[in-house]
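Take a look at the structure set out below.
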Amino acid sequence: MLKPLTMKIKQTYLLLALLGFSLTMGACGSNADDQIDTSIVKNPNSAQGYDEKAKMPQIKFDKEMHDFGNLTAGENISYSFKFTNTGNADLVISKCDASCGCTVADYPRNAIAPGEGGYITITFKSAGKVGQQLQEVTVISNAQPARTKLRIQAQVR
């Protein structure tokens with residue numbers, strides 16, 4: 001009597017496992033709407049070497065490090081890093097990631113034409129900080145290289 005019941009339980013588990021597997025595999029199907037247009041990715045590097053004629057933006061900063069010197073704890077200070085698009089295509093900054101919640105970056109949301117420029121303003125909030133501080137903001141753009149690190153430092157007292 002016990003043996004037929006265990007067989008039914010095994011069969012039920014097997015059926016549930018097969019149903020789960022089928023649902024999982026069906027959900028993994030490719031959909032044409034999910035395809036990413038690869039024309040947005042531009043990279044002058046290829047198997048044949050570097051293509052200097054490729055239309056690419058290039059972000060060039062006047063400087064990538066700023067030292068605020070000595071600060072009193074609680075001060076909010078800002079510095080604007082000046083940049084220029086020295087490439088031959090529009091530059092788009094997609095985001096700026098700060099290494100800490102005490103640092104915020106403001107950047108242009110519009111495309112920057114070749115030869116044009118702008119500013120990325122980094123604000124550091126020193127509340128609750130003491131001693132030497134070094135913060136980084138990673139600028140992510142469609143330039144080559146795609147990531148540039150801006151750094152600020154201060155001695156908080």
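Here, A, B, ... name the chains of the structure tokens in the order displayed, residue numbers run from 1 inside each chain, and ligands are numbered from 1 in the same displayed order.
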
Compile a residue-level contact table for region 46-110 of chain A against region 146-155 of chain A at a cut-off of 9 Å, reporting for every qualifying residue the shortest atom pair and its distance in Å to one decimal, with only C-alpha atoms counted, rows ordered by chain and ascending number, as a tab-separated table.
residue	atom	partner	partner_atom	distance
A:Ile59	CA	A:Thr148	CA	8.5
A:Lys63	CA	A:Leu150	CA	8.3
A:Glu64	CA	A:Leu150	CA	4.8
A:Met65	CA	A:Arg151	CA	4.6
A:His66	CA	A:Ile152	CA	4.8
A:Asp67	CA	A:Gln153	CA	4.8
A:Phe68	CA	A:Ala154	CA	5.0
A:Gly69	CA	A:Ala154	CA	5.0
A:Asn70	CA	A:Gln155	CA	4.7
A:Leu71	CA	A:Gln155	CA	6.0
A:Thr72	CA	A:Gln155	CA	8.5
A:Tyr79	CA	A:Ile152	CA	8.5
A:Phe81	CA	A:Leu150	CA	8.2

Secondary structure check, strand (DSSP E) residues of region 62-155 of chain A, as number ranges by chain: A: 65-71, 76-85, 93-98, 103-106, 117-125, 131-141, 147-155

Spatial neighbours of Gly115 (chain A), 9 Å, only C-alpha atoms, chain gap at least 3 places, as a list in words: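 So the residues in contact are Thr84, Asn85, Thr86, Gly87, Asn88 and Ile112 of chain A.
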
Non-local contacts of Asp90 (chain A) (6 Å; only C-alpha atoms; under 4 positions in same chain excluded) as a ChimeraX atom specification: /A:57,111-114

Print the selection's residues with N, CA, C and O atoms to a file, as an mmCIF file, in the first residue's frame.
data_model
loop_
_atom_site.group_PDB
_atom_site.id
_atom_site.type_symbol
_atom_site.label_atom_id
_atom_site.label_comp_id
_atom_site.auth_asym_id
_atom_site.auth_seq_id
_atom_site.Cartn_x
_atom_site.Cartn_y
_atom_site.Cartn_z
ATOM 1 N N PRO A 57 34.085 60.367 -30.746
ATOM 2 C CA PRO A 57 34.296 61.487 -29.833
ATOM 3 C C PRO A 57 35.481 61.188 -28.924
ATOM 4 O O PRO A 57 35.861 60.027 -28.756
ATOM 5 N N ALA A 111 24.223 66.377 -26.244
ATOM 6 C CA ALA A 111 25.395 65.978 -27.039
ATOM 7 C C ALA A 111 26.338 67.173 -27.190
ATOM 8 O O ALA A 111 25.892 68.308 -27.382
ATOM 9 N N ILE A 112 27.622 66.909 -27.097
ATOM 10 C CA ILE A 112 28.660 67.941 -27.230
ATOM 11 C C ILE A 112 29.328 67.739 -28.588
ATOM 12 O O ILE A 112 29.938 66.694 -28.838
ATOM 13 N N ALA A 113 29.207 68.726 -29.454
ATOM 14 C CA ALA A 113 29.764 68.650 -30.809
ATOM 15 C C ALA A 113 31.294 68.671 -30.763
ATOM 16 O O ALA A 113 31.889 69.165 -29.800
ATOM 17 N N PRO A 114 31.948 68.157 -31.811
ATOM 18 C CA PRO A 114 33.413 68.222 -31.877
ATOM 19 C C PRO A 114 33.898 69.669 -31.755
ATOM 20 O O PRO A 114 33.319 70.583 -32.345
#

Test item: residues at most 8 Å from Lys129 (chain A), only C-alpha atoms, excluding those fewer than 2 positions along its chain, as a PyMOL selection string: chain A and resi 73-74+126-127+131+133+156

Keeping only C-alpha atoms, write the selected residues to a file as a PDB file, in the first residue's frame.
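Writing the result to out39.pdb gives the following:
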ATOM      1  CA  ALA A  73      34.017  69.547   8.633  1.00  0.00           C
ATOM      2  CA  GLY A  74      30.504  70.315   7.413  1.00  0.00           C
ATOM      3  CA  SER A 126      32.360  67.047   4.179  1.00  0.00           C
ATOM      4  CA  ALA A 127      29.824  66.533   7.000  1.00  0.00           C
ATOM      5  CA  GLY A 131      41.200  63.566   7.857  1.00  0.00           C
ATOM      6  CA  GLN A 133      39.658  62.503   1.834  1.00  0.00           C
ATOM      7  CA  VAL A 156      38.996  67.797   6.590  1.00  0.00           C
TER       8      VAL A 156
END

Atomic separation - CA of Lys55 (chain A) relative to CA of Val92 (chain A), Å: 13.6 Å

Neighbour list for Pro145 (chain A) as number ranges by chain, cut-off 12 Å, only C-alpha atoms, skip fewer than 2 positions in-chain: A: 42-45, 56-60, 87, 91, 138-143, 147-149

Option closest in space to Cys96 (chain A), from A:Gln132, A:Thr121, A:Gln11, A:Ser78 [counting only C-alpha atoms]: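 Of the candidates, the smallest distance to Cys96 (chain A) is held by A:Thr121.
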
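For the atom pair formed by CA of Val130 (chain A) and CA of Ser99 (chain A), the distance is 16.8 Å, given to one decimal.
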
Non-local contacts of Asp106 (chain A) (10 Å; only C-alpha atoms; under 6 positions in same chain excluded) as number ranges by chain: A: 80, 95-96, 119-123
